[in-house]
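Next comes start24.cif, a file with mmCIF, N, CA and C atoms.
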```cif
data_target
#
loop_
_atom_site.label_atom_id
_atom_site.label_comp_id
_atom_site.auth_asym_id
_atom_site.auth_seq_id
_atom_site.Cartn_x
_atom_site.Cartn_y
_atom_site.Cartn_z
N MET A 1 0.85 -1.17 0.00
CA MET A 1 0.00 0.00 0.00
C MET A 1 0.89 1.24 0.00
N ARG A 2 0.68 2.13 -0.90
CA ARG A 2 1.49 3.34 -1.01
C ARG A 2 1.03 4.39 -0.02
N GLY A 3 2.00 5.16 0.46
CA GLY A 3 1.67 6.29 1.32
C GLY A 3 1.44 5.95 2.78
N VAL A 4 1.60 4.68 3.16
CA VAL A 4 1.40 4.28 4.55
C VAL A 4 2.75 4.23 5.23
N LEU A 5 2.89 4.98 6.31
CA LEU A 5 4.12 5.00 7.08
C LEU A 5 4.03 3.95 8.18
N THR A 6 4.97 3.03 8.21
CA THR A 6 5.00 2.01 9.25
C THR A 6 5.92 2.48 10.36
N VAL A 7 5.39 2.48 11.57
CA VAL A 7 6.17 2.87 12.74
C VAL A 7 6.84 1.61 13.29
N VAL A 8 8.13 1.69 13.48
CA VAL A 8 8.89 0.57 14.03
C VAL A 8 9.45 1.01 15.37
N PHE A 9 9.06 0.30 16.41
CA PHE A 9 9.56 0.60 17.74
C PHE A 9 11.00 0.12 17.86
N GLU A 10 11.89 1.02 18.26
CA GLU A 10 13.31 0.71 18.40
C GLU A 10 13.77 1.09 19.80
N PRO A 11 13.78 0.13 20.72
CA PRO A 11 14.13 0.44 22.11
C PRO A 11 15.56 0.92 22.32
N GLU A 12 16.40 0.82 21.29
CA GLU A 12 17.77 1.32 21.38
C GLU A 12 17.81 2.83 21.14
N GLN A 13 16.69 3.42 20.79
CA GLN A 13 16.59 4.84 20.47
C GLN A 13 15.97 5.63 21.62
N PRO A 14 16.15 6.96 21.62
CA PRO A 14 15.53 7.80 22.65
C PRO A 14 14.06 8.08 22.33
N TYR A 15 13.23 8.08 23.35
CA TYR A 15 11.80 8.34 23.23
C TYR A 15 11.38 9.38 24.26
N ARG A 16 10.15 9.82 24.13
CA ARG A 16 9.55 10.72 25.12
C ARG A 16 8.04 10.54 25.07
N CYS A 17 7.39 11.00 26.11
CA CYS A 17 5.93 11.07 26.09
C CYS A 17 5.57 12.21 25.14
N SER A 18 4.62 11.98 24.26
CA SER A 18 4.24 13.00 23.30
C SER A 18 3.74 14.25 24.01
N PRO A 19 4.10 15.44 23.52
CA PRO A 19 3.63 16.67 24.16
C PRO A 19 2.11 16.87 24.07
N ARG A 20 1.43 16.12 23.19
CA ARG A 20 -0.04 16.25 23.13
C ARG A 20 -0.74 15.37 24.15
N ILE A 21 0.03 14.62 24.95
CA ILE A 21 -0.54 13.68 25.92
C ILE A 21 -0.50 14.28 27.32
N ALA A 22 -1.63 14.15 28.01
CA ALA A 22 -1.70 14.51 29.43
C ALA A 22 -1.91 13.22 30.21
N LEU A 23 -1.08 13.00 31.22
CA LEU A 23 -1.22 11.83 32.08
C LEU A 23 -1.86 12.24 33.39
N ARG A 24 -2.96 11.57 33.73
CA ARG A 24 -3.63 11.83 35.00
C ARG A 24 -3.45 10.62 35.90
N PRO A 25 -2.76 10.81 37.03
CA PRO A 25 -2.53 9.68 37.93
C PRO A 25 -3.85 9.07 38.44
N GLU A 26 -3.86 7.76 38.52
CA GLU A 26 -4.99 6.99 39.04
C GLU A 26 -4.41 5.90 39.93
N PRO A 27 -5.23 5.31 40.81
CA PRO A 27 -4.72 4.25 41.69
C PRO A 27 -4.08 3.08 40.94
N PHE A 28 -4.57 2.77 39.74
CA PHE A 28 -4.04 1.64 38.97
C PHE A 28 -2.84 2.02 38.12
N GLY A 29 -2.61 3.31 37.88
CA GLY A 29 -1.55 3.78 36.99
C GLY A 29 -1.85 5.20 36.54
N ALA A 30 -2.42 5.32 35.31
CA ALA A 30 -2.78 6.66 34.83
C ALA A 30 -3.72 6.57 33.63
N LEU A 31 -4.46 7.65 33.44
CA LEU A 31 -5.22 7.85 32.21
C LEU A 31 -4.38 8.74 31.32
N ALA A 32 -4.30 8.39 30.05
CA ALA A 32 -3.56 9.19 29.09
C ALA A 32 -4.56 9.79 28.11
N TYR A 33 -4.63 11.12 28.08
CA TYR A 33 -5.55 11.80 27.18
C TYR A 33 -4.75 12.45 26.06
N ASP A 34 -5.13 12.16 24.82
CA ASP A 34 -4.49 12.73 23.65
C ASP A 34 -5.31 13.92 23.18
N PHE A 35 -4.74 15.12 23.33
CA PHE A 35 -5.45 16.33 22.93
C PHE A 35 -5.62 16.45 21.42
N GLY A 36 -4.81 15.71 20.65
CA GLY A 36 -4.93 15.75 19.20
C GLY A 36 -6.08 14.90 18.68
N THR A 37 -6.20 13.69 19.22
CA THR A 37 -7.24 12.77 18.74
C THR A 37 -8.42 12.67 19.70
N ARG A 38 -8.27 13.23 20.88
CA ARG A 38 -9.26 13.14 21.96
C ARG A 38 -9.47 11.71 22.44
N ARG A 39 -8.45 10.89 22.22
CA ARG A 39 -8.52 9.49 22.64
C ARG A 39 -8.03 9.37 24.08
N LEU A 40 -8.69 8.53 24.82
CA LEU A 40 -8.33 8.24 26.21
C LEU A 40 -7.83 6.81 26.26
N SER A 41 -6.67 6.60 26.88
CA SER A 41 -6.16 5.25 27.06
C SER A 41 -5.66 5.08 28.48
N PHE A 42 -5.35 3.86 28.82
CA PHE A 42 -4.96 3.52 30.19
C PHE A 42 -3.52 3.03 30.23
N LEU A 43 -2.79 3.52 31.21
CA LEU A 43 -1.49 2.95 31.56
C LEU A 43 -1.78 2.14 32.82
N LYS A 44 -1.67 0.83 32.72
CA LYS A 44 -2.25 -0.06 33.71
C LYS A 44 -1.44 -0.30 34.98
N THR A 45 -0.20 0.21 35.03
CA THR A 45 0.57 0.06 36.26
C THR A 45 1.29 1.38 36.57
N LYS A 46 1.54 1.58 37.84
CA LYS A 46 2.28 2.77 38.25
C LYS A 46 3.71 2.74 37.71
N LEU A 47 4.29 1.55 37.61
CA LEU A 47 5.65 1.45 37.10
C LEU A 47 5.70 1.82 35.61
N LEU A 48 4.68 1.46 34.84
CA LEU A 48 4.63 1.86 33.44
C LEU A 48 4.53 3.38 33.32
N VAL A 49 3.77 3.99 34.19
CA VAL A 49 3.67 5.46 34.19
C VAL A 49 5.04 6.07 34.48
N GLU A 50 5.74 5.51 35.45
CA GLU A 50 7.08 5.98 35.79
C GLU A 50 8.02 5.85 34.59
N VAL A 51 7.93 4.73 33.88
CA VAL A 51 8.76 4.51 32.70
C VAL A 51 8.45 5.56 31.63
N VAL A 52 7.18 5.77 31.34
CA VAL A 52 6.79 6.74 30.31
C VAL A 52 7.27 8.14 30.68
N ARG A 53 7.12 8.52 31.93
CA ARG A 53 7.57 9.85 32.36
C ARG A 53 9.09 9.98 32.28
N ALA A 54 9.82 8.89 32.53
CA ALA A 54 11.29 8.94 32.58
C ALA A 54 11.94 8.82 31.20
N LEU A 55 11.20 8.45 30.18
CA LEU A 55 11.80 8.25 28.85
C LEU A 55 12.63 9.44 28.39
N GLU A 56 12.14 10.63 28.63
CA GLU A 56 12.82 11.83 28.12
C GLU A 56 14.17 12.08 28.80
N GLU A 57 14.34 11.51 29.98
CA GLU A 57 15.56 11.75 30.75
C GLU A 57 16.68 10.75 30.44
N GLN A 58 16.38 9.72 29.66
CA GLN A 58 17.34 8.64 29.43
C GLN A 58 17.73 8.57 27.95
N PRO A 59 18.90 7.98 27.65
CA PRO A 59 19.36 7.93 26.26
C PRO A 59 18.63 6.91 25.39
N ASP A 60 17.95 5.93 26.01
CA ASP A 60 17.21 4.94 25.24
C ASP A 60 16.22 4.22 26.16
N VAL A 61 15.39 3.38 25.57
CA VAL A 61 14.36 2.68 26.34
C VAL A 61 14.97 1.69 27.32
N HIS A 62 15.99 0.96 26.90
CA HIS A 62 16.60 -0.03 27.79
C HIS A 62 17.16 0.62 29.06
N THR A 63 17.80 1.76 28.91
CA THR A 63 18.32 2.49 30.06
C THR A 63 17.19 2.99 30.95
N THR A 64 16.10 3.40 30.33
CA THR A 64 14.93 3.84 31.10
C THR A 64 14.38 2.70 31.94
N LEU A 65 14.26 1.51 31.36
CA LEU A 65 13.76 0.36 32.11
C LEU A 65 14.68 0.02 33.27
N ASP A 66 16.00 0.11 33.04
CA ASP A 66 16.97 -0.10 34.12
C ASP A 66 16.76 0.91 35.23
N ALA A 67 16.69 2.19 34.86
CA ALA A 67 16.57 3.27 35.85
C ALA A 67 15.27 3.17 36.65
N ALA A 68 14.21 2.69 36.01
CA ALA A 68 12.91 2.57 36.69
C ALA A 68 12.83 1.31 37.55
N GLY A 69 13.79 0.43 37.39
CA GLY A 69 13.80 -0.80 38.19
C GLY A 69 12.84 -1.87 37.69
N VAL A 70 12.58 -1.91 36.39
CA VAL A 70 11.72 -2.95 35.83
C VAL A 70 12.48 -4.28 35.91
N PRO A 71 11.90 -5.29 36.58
CA PRO A 71 12.58 -6.58 36.72
C PRO A 71 12.83 -7.23 35.35
N PRO A 72 13.95 -7.91 35.20
CA PRO A 72 14.30 -8.52 33.91
C PRO A 72 13.20 -9.42 33.33
N ASP A 73 12.52 -10.18 34.18
CA ASP A 73 11.47 -11.08 33.67
C ASP A 73 10.24 -10.33 33.16
N GLN A 74 10.11 -9.03 33.50
CA GLN A 74 8.97 -8.23 33.05
C GLN A 74 9.32 -7.35 31.85
N ARG A 75 10.58 -7.32 31.44
CA ARG A 75 11.01 -6.45 30.34
C ARG A 75 10.23 -6.70 29.04
N PRO A 76 10.06 -7.97 28.63
CA PRO A 76 9.33 -8.18 27.38
C PRO A 76 7.92 -7.58 27.39
N SER A 77 7.22 -7.68 28.50
CA SER A 77 5.86 -7.11 28.55
C SER A 77 5.90 -5.58 28.55
N TYR A 78 6.91 -4.99 29.17
CA TYR A 78 7.04 -3.53 29.14
C TYR A 78 7.42 -3.04 27.75
N LEU A 79 8.30 -3.77 27.07
CA LEU A 79 8.66 -3.39 25.71
C LEU A 79 7.44 -3.49 24.79
N LYS A 80 6.63 -4.52 24.98
CA LYS A 80 5.41 -4.66 24.17
C LYS A 80 4.44 -3.52 24.46
N ALA A 81 4.29 -3.16 25.74
CA ALA A 81 3.40 -2.05 26.10
C ALA A 81 3.90 -0.74 25.49
N LEU A 82 5.20 -0.50 25.56
CA LEU A 82 5.77 0.72 24.98
C LEU A 82 5.62 0.74 23.46
N GLU A 83 5.75 -0.41 22.84
CA GLU A 83 5.54 -0.49 21.39
C GLU A 83 4.10 -0.08 21.04
N GLY A 84 3.15 -0.55 21.83
CA GLY A 84 1.75 -0.17 21.62
C GLY A 84 1.53 1.32 21.86
N LEU A 85 2.20 1.86 22.86
CA LEU A 85 2.07 3.29 23.14
C LEU A 85 2.66 4.13 22.02
N GLU A 86 3.71 3.64 21.38
CA GLU A 86 4.24 4.37 20.24
C GLU A 86 3.27 4.30 19.06
N ARG A 87 2.69 3.14 18.86
CA ARG A 87 1.75 2.96 17.75
C ARG A 87 0.55 3.91 17.88
N THR A 88 0.11 4.17 19.10
CA THR A 88 -1.04 5.06 19.30
C THR A 88 -0.63 6.53 19.44
N GLY A 89 0.69 6.80 19.45
CA GLY A 89 1.15 8.18 19.54
C GLY A 89 1.32 8.71 20.95
N THR A 90 1.17 7.84 21.95
CA THR A 90 1.35 8.28 23.34
C THR A 90 2.81 8.61 23.61
N ILE A 91 3.72 7.77 23.06
CA ILE A 91 5.15 8.09 23.12
C ILE A 91 5.66 8.25 21.69
N GLU A 92 6.78 8.95 21.56
CA GLU A 92 7.37 9.17 20.24
C GLU A 92 8.87 9.24 20.35
N ARG A 93 9.52 8.92 19.23
CA ARG A 93 10.98 9.05 19.19
C ARG A 93 11.36 10.51 19.29
N ARG A 94 12.48 10.75 19.94
CA ARG A 94 12.99 12.12 20.00
C ARG A 94 14.35 12.14 19.32
N ASN A 95 14.73 13.31 18.89
CA ASN A 95 16.02 13.46 18.18
C ASN A 95 17.14 13.73 19.13
#
```

Step by step, read the file and then write its structure as structure tokens.
Amino acid sequence: MRGVLTVVFEPEQPYRCSPRIALRPEPFGALAYDFGTRRLSFLKTKLLVEVVRALEEQPDVHTTLDAAGVPPDQRPSYLKALEGLERTGTIERRN
């Protein structure tokens, strides 16, 4: 299909929470509201919220997971969650 841009999540690269996203803390994690699309999504754990907030401060996703203290056995599920968040525009690569 022509004209379709495929987003590829690359955890070796730097990311950030999109500036159009507002995170509202909740007991389970956070609600993420996208002011561009008016879409509401859920970050289902407090640790995932911490990871998303810390992305901008770290050189790549792997370093962010280390800094946030994500246990090694949970890394694959966090990487999958972050990949989904990139696909929906909640997080984005930064230069």

Practice problem: Might you pull out every residue within 6.5 Å of Glu92 in chain A, with only N, CA and C atoms counted and same-chain residues fewer than 3 positions away left off, and present them as a ChimeraX atom specification? | Solution: /A:14-18,85-86,89

Quiz item: range 31-44 of chain A: which residues within 5 Å, counting all atoms listed in the file, same-chain residues fewer than 2 positions away excluded, as a ChimeraX atom specification?
Solution: /A:20-24,28-29,46

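Residue selection for this entry, given the PyMOL selection byres ((chain A and resi 53-68) around 5), comprises Pro11, Glu12, Gln13, Pro14, Tyr15, Arg16, Val49, Glu50, Val51, Val52, Gly69 and Val70 of chain A.
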
Self-check item: d(atom N of Pro25 in chain A, atom N of Gln74 in chain A) in Å
Solution: 23.9 Å

Quiz item: So which residues of chain A fall under strand (DSSP E or B) by DSSP, listed as a ChimeraX atom specification?
Solution: /A:15-17,21-26,29-34,40-43,91-93

Just write the chosen residues, N, CA and C atoms, as a PDB file, keeping the file's coordinate frame.
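Written out: selection-v8.pdb:
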```pdb
ATOM      1  N   TYR A  15      13.230   8.080  23.350  1.00  0.00           N
ATOM      2  CA  TYR A  15      11.800   8.340  23.230  1.00  0.00           C
ATOM      3  C   TYR A  15      11.380   9.380  24.260  1.00  0.00           C
ATOM      4  N   ARG A  16      10.150   9.820  24.130  1.00  0.00           N
ATOM      5  CA  ARG A  16       9.550  10.720  25.120  1.00  0.00           C
ATOM      6  C   ARG A  16       8.040  10.540  25.070  1.00  0.00           C
ATOM      7  N   CYS A  17       7.390  11.000  26.110  1.00  0.00           N
ATOM      8  CA  CYS A  17       5.930  11.070  26.090  1.00  0.00           C
ATOM      9  C   CYS A  17       5.570  12.210  25.140  1.00  0.00           C
ATOM     10  N   ILE A  21       0.030  14.620  24.950  1.00  0.00           N
ATOM     11  CA  ILE A  21      -0.540  13.680  25.920  1.00  0.00           C
ATOM     12  C   ILE A  21      -0.500  14.280  27.320  1.00  0.00           C
ATOM     13  N   ALA A  22      -1.630  14.150  28.010  1.00  0.00           N
ATOM     14  CA  ALA A  22      -1.700  14.510  29.430  1.00  0.00           C
ATOM     15  C   ALA A  22      -1.910  13.220  30.210  1.00  0.00           C
ATOM     16  N   LEU A  23      -1.080  13.000  31.220  1.00  0.00           N
ATOM     17  CA  LEU A  23      -1.220  11.830  32.080  1.00  0.00           C
ATOM     18  C   LEU A  23      -1.860  12.240  33.390  1.00  0.00           C
ATOM     19  N   ARG A  24      -2.960  11.570  33.730  1.00  0.00           N
ATOM     20  CA  ARG A  24      -3.630  11.830  35.000  1.00  0.00           C
ATOM     21  C   ARG A  24      -3.450  10.620  35.900  1.00  0.00           C
ATOM     22  N   PRO A  25      -2.760  10.810  37.030  1.00  0.00           N
ATOM     23  CA  PRO A  25      -2.530   9.680  37.930  1.00  0.00           C
ATOM     24  C   PRO A  25      -3.850   9.070  38.440  1.00  0.00           C
ATOM     25  N   GLU A  26      -3.860   7.760  38.520  1.00  0.00           N
ATOM     26  CA  GLU A  26      -4.990   6.990  39.040  1.00  0.00           C
ATOM     27  C   GLU A  26      -4.410   5.900  39.930  1.00  0.00           C
ATOM     28  N   GLY A  29      -2.610   3.310  37.880  1.00  0.00           N
ATOM     29  CA  GLY A  29      -1.550   3.780  36.990  1.00  0.00           C
ATOM     30  C   GLY A  29      -1.850   5.200  36.540  1.00  0.00           C
ATOM     31  N   ALA A  30      -2.420   5.320  35.310  1.00  0.00           N
ATOM     32  CA  ALA A  30      -2.780   6.660  34.830  1.00  0.00           C
ATOM     33  C   ALA A  30      -3.720   6.570  33.630  1.00  0.00           C
ATOM     34  N   LEU A  31      -4.460   7.650  33.440  1.00  0.00           N
ATOM     35  CA  LEU A  31      -5.220   7.850  32.210  1.00  0.00           C
ATOM     36  C   LEU A  31      -4.380   8.740  31.320  1.00  0.00           C
ATOM     37  N   ALA A  32      -4.300   8.390  30.050  1.00  0.00           N
ATOM     38  CA  ALA A  32      -3.560   9.190  29.090  1.00  0.00           C
ATOM     39  C   ALA A  32      -4.560   9.790  28.110  1.00  0.00           C
ATOM     40  N   TYR A  33      -4.630  11.120  28.080  1.00  0.00           N
ATOM     41  CA  TYR A  33      -5.550  11.800  27.180  1.00  0.00           C
ATOM     42  C   TYR A  33      -4.750  12.450  26.060  1.00  0.00           C
ATOM     43  N   ASP A  34      -5.130  12.160  24.820  1.00  0.00           N
ATOM     44  CA  ASP A  34      -4.490  12.730  23.650  1.00  0.00           C
ATOM     45  C   ASP A  34      -5.310  13.920  23.180  1.00  0.00           C
ATOM     46  N   LEU A  40      -8.690   8.530  24.820  1.00  0.00           N
ATOM     47  CA  LEU A  40      -8.330   8.240  26.210  1.00  0.00           C
ATOM     48  C   LEU A  40      -7.830   6.810  26.260  1.00  0.00           C
ATOM     49  N   SER A  41      -6.670   6.600  26.880  1.00  0.00           N
ATOM     50  CA  SER A  41      -6.160   5.250  27.060  1.00  0.00           C
ATOM     51  C   SER A  41      -5.660   5.080  28.480  1.00  0.00           C
ATOM     52  N   PHE A  42      -5.350   3.860  28.820  1.00  0.00           N
ATOM     53  CA  PHE A  42      -4.960   3.520  30.190  1.00  0.00           C
ATOM     54  C   PHE A  42      -3.520   3.030  30.230  1.00  0.00           C
ATOM     55  N   LEU A  43      -2.790   3.520  31.210  1.00  0.00           N
ATOM     56  CA  LEU A  43      -1.490   2.950  31.560  1.00  0.00           C
ATOM     57  C   LEU A  43      -1.780   2.140  32.820  1.00  0.00           C
ATOM     58  N   ILE A  91       3.720   7.770  23.060  1.00  0.00           N
ATOM     59  CA  ILE A  91       5.150   8.090  23.120  1.00  0.00           C
ATOM     60  C   ILE A  91       5.660   8.250  21.690  1.00  0.00           C
ATOM     61  N   GLU A  92       6.780   8.950  21.560  1.00  0.00           N
ATOM     62  CA  GLU A  92       7.370   9.170  20.240  1.00  0.00           C
ATOM     63  C   GLU A  92       8.870   9.240  20.350  1.00  0.00           C
ATOM     64  N   ARG A  93       9.520   8.920  19.230  1.00  0.00           N
ATOM     65  CA  ARG A  93      10.980   9.050  19.190  1.00  0.00           C
ATOM     66  C   ARG A  93      11.360  10.510  19.290  1.00  0.00           C
TER      67      ARG A  93
END
```

Exercise. Per DSSP on the backbone, filter chain A down to the residues in helix (DSSP H, G or I) and report them as a count of residues only.
Key: 36

Quiz item: Pick the closest to Pro27 in chain A from A:Thr45, A:Thr88, A:Asn95, A:Ser77: which is it, counting only C-alpha atoms?
Solution: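 Closest residue, counting only C-alpha atoms: A:Thr45.
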
Taking all listed atoms of range 37-47 of chain A, build the axis-aligned box, pad each of the six sides by 4 Å, then write its centre and edge lengths in Å to one decimal as lines of an AutoDock Vina configuration file.
```
center_x = -1.9
center_y = 6.7
center_z = 28.5
size_x = 23.2
size_y = 22.0
size_z = 27.5
```

Quiz item: For the atom pair CA of Leu82 in chain A and CA of Phe9 in chain A, what is the interatomic distance in Å to one decimal place?
Solution: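 Between these atoms lies a distance of 8.2 Å.
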
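As for atom C of Glu83 in chain A and atom C of Glu26 in chain A, they are spaced 21.6 Å apart.
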
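Nearest residue to Arg75 in chain A, choosing from A:Arg94, A:Arg87, A:Val8, A:Leu47 and counting only C-alpha atoms: A:Leu47.
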
Completed range 37-55 of chain A (N, CA, C and O atoms) as a compact mmCIF listing (two decimals), in the coordinates of the input:
```
# COMPACT_ATOMS: atom_id res chain seq x y z
N THR A 37 -6.20 13.69 19.22
CA THR A 37 -7.24 12.77 18.74
C THR A 37 -8.42 12.67 19.70
O THR A 37 -9.42 12.05 19.35
N ARG A 38 -8.27 13.23 20.88
CA ARG A 38 -9.26 13.14 21.96
C ARG A 38 -9.47 11.71 22.44
O ARG A 38 -10.49 11.37 23.00
N ARG A 39 -8.45 10.89 22.22
CA ARG A 39 -8.52 9.49 22.64
C ARG A 39 -8.03 9.37 24.08
O ARG A 39 -7.04 10.00 24.48
N LEU A 40 -8.69 8.53 24.82
CA LEU A 40 -8.33 8.24 26.21
C LEU A 40 -7.83 6.81 26.26
O LEU A 40 -8.45 5.90 25.71
N SER A 41 -6.67 6.60 26.88
CA SER A 41 -6.16 5.25 27.06
C SER A 41 -5.66 5.08 28.48
O SER A 41 -5.58 6.04 29.24
N PHE A 42 -5.35 3.86 28.82
CA PHE A 42 -4.96 3.52 30.19
C PHE A 42 -3.52 3.03 30.23
O PHE A 42 -3.11 2.22 29.40
N LEU A 43 -2.79 3.52 31.21
CA LEU A 43 -1.49 2.95 31.56
C LEU A 43 -1.78 2.14 32.82
O LEU A 43 -2.11 2.71 33.87
N LYS A 44 -1.67 0.83 32.72
CA LYS A 44 -2.25 -0.06 33.71
C LYS A 44 -1.44 -0.30 34.98
O LYS A 44 -1.92 -0.96 35.89
N THR A 45 -0.20 0.21 35.03
CA THR A 45 0.57 0.06 36.26
C THR A 45 1.29 1.38 36.57
O THR A 45 1.63 2.14 35.67
N LYS A 46 1.54 1.58 37.84
CA LYS A 46 2.28 2.77 38.25
C LYS A 46 3.71 2.74 37.71
O LYS A 46 4.27 3.78 37.37
N LEU A 47 4.29 1.55 37.61
CA LEU A 47 5.65 1.45 37.10
C LEU A 47 5.70 1.82 35.61
O LEU A 47 6.63 2.49 35.17
N LEU A 48 4.68 1.46 34.84
CA LEU A 48 4.63 1.86 33.44
C LEU A 48 4.53 3.38 33.32
O LEU A 48 5.18 3.98 32.47
N VAL A 49 3.77 3.99 34.19
CA VAL A 49 3.67 5.46 34.19
C VAL A 49 5.04 6.07 34.48
O VAL A 49 5.47 7.01 33.80
N GLU A 50 5.74 5.51 35.45
CA GLU A 50 7.08 5.98 35.79
C GLU A 50 8.02 5.85 34.59
O GLU A 50 8.80 6.76 34.29
N VAL A 51 7.93 4.73 33.88
CA VAL A 51 8.76 4.51 32.70
C VAL A 51 8.45 5.56 31.63
O VAL A 51 9.36 6.19 31.08
N VAL A 52 7.18 5.77 31.34
CA VAL A 52 6.79 6.74 30.31
C VAL A 52 7.27 8.14 30.68
O VAL A 52 7.80 8.86 29.83
N ARG A 53 7.12 8.52 31.93
CA ARG A 53 7.57 9.85 32.36
C ARG A 53 9.09 9.98 32.28
O ARG A 53 9.61 11.06 32.02
N ALA A 54 9.82 8.89 32.53
CA ALA A 54 11.29 8.94 32.58
C ALA A 54 11.94 8.82 31.20
O ALA A 54 13.15 9.06 31.09
N LEU A 55 11.20 8.45 30.18
CA LEU A 55 11.80 8.25 28.85
C LEU A 55 12.63 9.44 28.39
O LEU A 55 13.71 9.26 27.83
```
